[in-house]
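Written below as structure tokens is the structure these notes are about.
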Amino acid sequence: MSAFSRLMYLVIQRAARYLPDKAPDPLRHKHDQLGRPLPRVDGRAKVTGAARFSAEFRFDKLAYASLVYSTIAKGTISRIETAAAEGADGVIAVITYENAPMMKNPPIVPPYNSGERPKGTAASDLPVLGDKVHWNGQPVAIVVAETLDQAEHGASLVRVRYRAERPRLSFDAVKHEATAPVDVVGEEPTVEIGQAEQRLQRAEVVIDHLYRTPRHNHNAMELHATVAAWDDHGGLTLYDATQYVYGVKDTIAAVFSLQPDKVRVVTKYVGGSFGSKGNVWSNTILCAAAAKAVRRPVHVALSRRGVFNVVGGRSVTEQRVALGADKNGHLTALIHTGVSATTPHGPFAEPFGAPARYLYATDSLLIDQKIVHLDTVTNTAMRGPGPSVGTFALESAMDELAHELGLDPLELRRINEAHTEPSTGRRFSSRHLLEASERGAARFGWQPRAPRSRRDGAWLVGQGVAAAQYHVVRFPATVRARVNADGTAVLQTSAQENGMGTATVQIQHAAERLGLPVDKVAFEYGDTNLPKSAPAGASNQTVALVQAVKDACEKLQRELLSLAGNGAPGPLSRTRFDQLEARDGGLFRKDDGRRGETYAAILQRLGREFIQVEATSGLPFETMKYAMHSYGMQFCEVRVNEESGEVRVARWLGSFDCGRILNAKTATSQFRGGIIMGIGAALTEETLFDERSGRIMNPSLAEYHVPVHLDVPHIEILYTDIPDDHTAAGAHGIGEIGITGVAAAVANAVFNATGRRIRELPITLDKLL
Ligand code: MOS
């Protein structure tokens, strides 16, 4: 990283602490539209099949392609035999590193704290096709044919010879060689406050254990798919399952040495992603390359195995949490260290140390994250990257400490509630974790009891609790806003709908800002021909767009006021912007409700068809100045069969503190989805990795077990709905917090039911017998 950009980053971070606060957003207390459980505006299109997903785009002369994957983990390709495939029915071309169009290595995202501008968002900077093999399952050829069946058959006929080398595949064999990563998603890998190891030695009560979490893979319903079509002028249009259309655009432009305006990416609907579609993986680039090679539009849809081969999941982790406390439960030492795996070509260090940076006041703190490099597909962010597995360790350890002290685990958390951010000393912008916790406990019927003290026939019953946390991120975004002479409004930005309710919430939000009914507001999205949105990642897209929509609506209203109020003898003459409120389809004086004008009246009077503005939200100084997080407390009841070891989750309640909730329905659904995914991590999810071959052994939903309906109990969701005075609409991100704390809550409940402490996920029955 360049020293200059890194320095600028540090200066901006530091300077932000001295910036004055922005005026709080008046909308944070308004409830006409925001917060209502408005049903999804895209719901009908989705259930009727009218919503087109990336794999469903069709063109004249569309060809289909299938990938050939390496069968060794490391080595060099000595020969690729393509003749049989080339001769097969319907095959148009077999593309390998020997005959592929020219491609530069894809640009990966630089470390966030480097201050460098990303040139692309690839997951790995390896050559897209090359003679070197870096993992088992790496694409080594792409077969293009008239139909998908012909492409798959052709791919099965390609023979690849290798000179194999010895790969590094065993995490346990190399973990003692772990080293510090450059960064941990923007944070320093080490935090040291006080002398935590010494304080631990002297503590009255000590808990010190290792916790392990396995590899996980994202299993979105929609498989990764791309349709690529080049035009006669060297322009390229991609329909691609992604969390960030502009990231695809920039990456593809860099790989094919195109001006970015030559690449258009269209993605309106995404069938889930959880982080897997946050980066550009080689399937997308190969689709564009194949379309270029055969001069026809090409369709690449990965199989489920294909996704496991090409798209990395969550790293394995081994974490040590050591807690020292006095007899009253006051933390004197908090140590969270450990190792995760990554690759030399896509260094994502799973930030499991995150929750220890933010959750508890402690006299001394040590966080130290290390990485090892393995020869695998590169790992990436998966829902709640960091806290999802970090809370398993930290929140299990807190439960162990509470047990040791004979304290209610909620009481232990209350005693150690942080009043400033432990790792930085910054003030919290808004933190009501204890309130969420108390409301949750009352509603759930939280009753701490001794382990193994409740039983229902063969079933041992236990309750568990764990804190949830995910930090607030906001990337800049641009939104275009327009009001039309018929009194309707349109918002435009490139964001995709990844399933969280993006369009629905922004329509509600803009309707509230503009004083319009929701059916008068349209939201147009999912296309790089529209202004650049923030990515849908790090739980940020909604809050990023709320800020940008706020800015765009205000700019639009100021423009309207200056046209309607200045000079012209209308009801709004000699009115200042701060004297106005938006309601009833227009702008009205707060001090005199009769003085005002609808948007339609203003535009008709001016003889204008529409008025349009564009606004870009600025840098997120608020998240630099304040410690800003979403919080929650997860409560569950489990039943463990004493004879079989089977664990059933019987009841769940998540109580959250995430600022103002913008839509009761989509938010509740988002929290629930996270909890369901967390139940998977707790009990069933595990990518089985063969350390001899580097092959993933369970790349299918038949063998990689995500929760099904019968695994999921009734999940009740509470939220404080207390606005954050430092964010637009008072909102925080909520996309990922739901999964955090879940595995720990289950493990703690299993301990409460059985007296057995399981420190390795998933909690399968063999570990309990
Ligand atoms: Mo998220 S795991 O940042 O898409």
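Going through the structure tokens in order, the chains are called A, B, and so on, while each chain numbers its residues from 1 and the ligands are numbered from 1 in the order shown.
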Close residues to ligand 1 using only C-alpha atoms and all ligand atoms, limit 12 Å, as an NGL selection string: :A and (185 or 216-218 or 220 or 242-244 or 272-279 or 312-314 or 348 or 350-351 or 379-388 or 470-474 or 498-500 or 534-541 or 674 or 733-737 or 739-740)
From a DSSP pass on the backbone, collect the residues of stretch 488-573 of chain A flagged as alpha helix (DSSP H) and hand them back as a PDB file with C-alpha atoms, in the first residue's frame.
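Output file selection.pdb follows:
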```pdb
ATOM      1  CA  THR A 502     -34.132  -2.467  -0.737  1.00  0.00           C
ATOM      2  CA  ALA A 503     -36.738  -1.031  -3.110  1.00  0.00           C
ATOM      3  CA  THR A 504     -39.540  -1.340  -0.571  1.00  0.00           C
ATOM      4  CA  VAL A 505     -37.702   0.480   2.191  1.00  0.00           C
ATOM      5  CA  GLN A 506     -36.400   3.264  -0.024  1.00  0.00           C
ATOM      6  CA  ILE A 507     -39.892   3.860  -1.419  1.00  0.00           C
ATOM      7  CA  GLN A 508     -41.227   4.170   2.127  1.00  0.00           C
ATOM      8  CA  HIS A 509     -38.353   6.381   3.060  1.00  0.00           C
ATOM      9  CA  ALA A 510     -38.634   8.723   0.068  1.00  0.00           C
ATOM     10  CA  ALA A 511     -42.411   8.889   0.487  1.00  0.00           C
ATOM     11  CA  GLU A 512     -41.863  10.037   4.059  1.00  0.00           C
ATOM     12  CA  ARG A 513     -39.245  12.600   2.989  1.00  0.00           C
ATOM     13  CA  LEU A 514     -41.326  13.989   0.166  1.00  0.00           C
ATOM     14  CA  GLN A 541     -26.713  -0.793   1.438  1.00  0.00           C
ATOM     15  CA  THR A 542     -29.903   0.335   3.142  1.00  0.00           C
ATOM     16  CA  VAL A 543     -28.290   2.898   5.440  1.00  0.00           C
ATOM     17  CA  ALA A 544     -26.070   4.128   2.601  1.00  0.00           C
ATOM     18  CA  LEU A 545     -29.106   4.674   0.412  1.00  0.00           C
ATOM     19  CA  VAL A 546     -31.088   6.254   3.235  1.00  0.00           C
ATOM     20  CA  GLN A 547     -28.356   8.890   3.524  1.00  0.00           C
ATOM     21  CA  ALA A 548     -28.156   9.422  -0.255  1.00  0.00           C
ATOM     22  CA  VAL A 549     -31.958   9.487  -0.692  1.00  0.00           C
ATOM     23  CA  LYS A 550     -32.140  12.001   2.151  1.00  0.00           C
ATOM     24  CA  ASP A 551     -29.534  14.174   0.477  1.00  0.00           C
ATOM     25  CA  ALA A 552     -31.241  13.888  -2.923  1.00  0.00           C
ATOM     26  CA  CYS A 553     -34.716  14.645  -1.561  1.00  0.00           C
ATOM     27  CA  GLU A 554     -33.450  17.690   0.334  1.00  0.00           C
ATOM     28  CA  LYS A 555     -31.649  18.961  -2.724  1.00  0.00           C
ATOM     29  CA  LEU A 556     -34.790  18.459  -4.774  1.00  0.00           C
ATOM     30  CA  GLN A 557     -36.931  20.305  -2.243  1.00  0.00           C
ATOM     31  CA  ARG A 558     -34.474  23.213  -2.061  1.00  0.00           C
ATOM     32  CA  GLU A 559     -34.537  23.402  -5.828  1.00  0.00           C
ATOM     33  CA  LEU A 560     -38.337  23.421  -5.820  1.00  0.00           C
ATOM     34  CA  LEU A 561     -38.414  26.080  -3.147  1.00  0.00           C
ATOM     35  CA  SER A 562     -36.012  28.310  -5.000  1.00  0.00           C
ATOM     36  CA  LEU A 563     -38.081  27.987  -8.160  1.00  0.00           C
ATOM     37  CA  ALA A 564     -41.440  28.349  -6.405  1.00  0.00           C
ATOM     38  CA  GLY A 565     -40.528  30.764  -3.660  1.00  0.00           C
TER      39      GLY A 565
END
```
Filtered DSSP result for stretch 289-402 of chain A, state strand (DSSP E or B), as a PyMOL selection string: chain A and resi 298-301+314+317-325+331-342+360+365-373
Between atom CA of A:Gly678 and atom CA of A:Ala55 - distance in Å to one decimal: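 Distance between the two atoms: 28.5 Å.
As for atom CA of A:Glu165 and atom CA of A:Pro344, they are spaced 16.4 Å apart.
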Exercise: A:Phe656 partners within 8 Å, only C-alpha atoms, chain neighbours under 5 positions left out, as a VMD selection string: chain A and resid 433 436 630 to 633 717 to 720
Stretch 614-626 of chain A surroundings by only C-alpha atoms, 7 Å radius, close-in-sequence under 6 positions cut, as a PyMOL selection string: chain A and resi 13+16-17+426-429+473-481+547-548+551-552+726
Keeping only C-alpha atoms, take the residues you just selected and write them out as an mmCIF file, in the first residue's frame.
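Final file, result12.cif:
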```cif
data_model
loop_
_atom_site.group_PDB
_atom_site.id
_atom_site.type_symbol
_atom_site.label_atom_id
_atom_site.label_comp_id
_atom_site.auth_asym_id
_atom_site.auth_seq_id
_atom_site.Cartn_x
_atom_site.Cartn_y
_atom_site.Cartn_z
ATOM 1 C CA GLN A 13 -10.018 9.007 10.605
ATOM 2 C CA ALA A 16 -13.280 13.098 11.962
ATOM 3 C CA ARG A 17 -13.291 12.952 15.759
ATOM 4 C CA ARG A 426 -14.595 6.467 21.306
ATOM 5 C CA ARG A 427 -18.084 7.369 22.449
ATOM 6 C CA PHE A 428 -20.963 5.227 21.258
ATOM 7 C CA SER A 429 -23.399 6.984 18.958
ATOM 8 C CA VAL A 473 -20.782 0.771 7.867
ATOM 9 C CA ARG A 474 -21.842 3.387 5.354
ATOM 10 C CA PHE A 475 -20.299 3.765 1.915
ATOM 11 C CA PRO A 476 -20.982 6.875 -0.196
ATOM 12 C CA ALA A 477 -23.750 6.512 -2.772
ATOM 13 C CA THR A 478 -25.367 8.607 -5.465
ATOM 14 C CA VAL A 479 -29.108 8.926 -5.978
ATOM 15 C CA ARG A 480 -31.051 10.784 -8.650
ATOM 16 C CA ALA A 481 -34.426 12.126 -7.547
ATOM 17 C CA GLN A 547 -28.356 8.890 3.524
ATOM 18 C CA ALA A 548 -28.156 9.422 -0.255
ATOM 19 C CA ASP A 551 -29.534 14.174 0.477
ATOM 20 C CA ALA A 552 -31.241 13.888 -2.923
ATOM 21 C CA HIS A 726 -26.071 10.582 14.241
#
```
A:Asn328, A:Ser303, A:Ser423, A:Thr179 ranked by distance to A:Tyr358, top pick (using only C-alpha atoms): A:Ser423
Would you kindly return, as an mmCIF file with N, CA, C and O atoms, in the first residue's frame, each protein, DNA or RNA residue with an atom no farther than 7 Å from any atom of A:Val245, considering only C-alpha atoms and excluding same-chain residues fewer than 6 positions away?
```cif
data_model
loop_
_atom_site.group_PDB
_atom_site.id
_atom_site.type_symbol
_atom_site.label_atom_id
_atom_site.label_comp_id
_atom_site.auth_asym_id
_atom_site.auth_seq_id
_atom_site.Cartn_x
_atom_site.Cartn_y
_atom_site.Cartn_z
ATOM 1 N N VAL A 265 -23.581 -3.296 -16.478
ATOM 2 C CA VAL A 265 -23.997 -4.458 -15.689
ATOM 3 C C VAL A 265 -25.428 -4.231 -15.225
ATOM 4 O O VAL A 265 -25.748 -3.179 -14.656
ATOM 5 N N VAL A 266 -26.274 -5.210 -15.510
ATOM 6 C CA VAL A 266 -27.693 -5.114 -15.170
ATOM 7 C C VAL A 266 -28.036 -6.241 -14.203
ATOM 8 O O VAL A 266 -27.866 -7.417 -14.542
ATOM 9 N N THR A 267 -28.450 -5.896 -13.022
ATOM 10 C CA THR A 267 -28.831 -6.911 -12.029
ATOM 11 C C THR A 267 -29.902 -6.317 -11.154
ATOM 12 O O THR A 267 -29.628 -5.501 -10.280
ATOM 13 N N ASP A 527 -28.798 -1.334 -12.257
ATOM 14 C CA ASP A 527 -28.237 -1.090 -13.580
ATOM 15 C C ASP A 527 -27.124 -0.045 -13.438
ATOM 16 O O ASP A 527 -27.355 1.016 -12.845
ATOM 17 N N THR A 528 -25.951 -0.339 -14.007
ATOM 18 C CA THR A 528 -24.869 0.647 -13.932
ATOM 19 C C THR A 528 -25.118 1.851 -14.827
ATOM 20 O O THR A 528 -24.336 2.795 -14.807
#
```
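Among the candidates A:Gln198, A:Gln463, A:Ser533, A:Thr362, the residue lying nearest to A:Ala650 is A:Gln463 (atoms considered: only C-alpha atoms).
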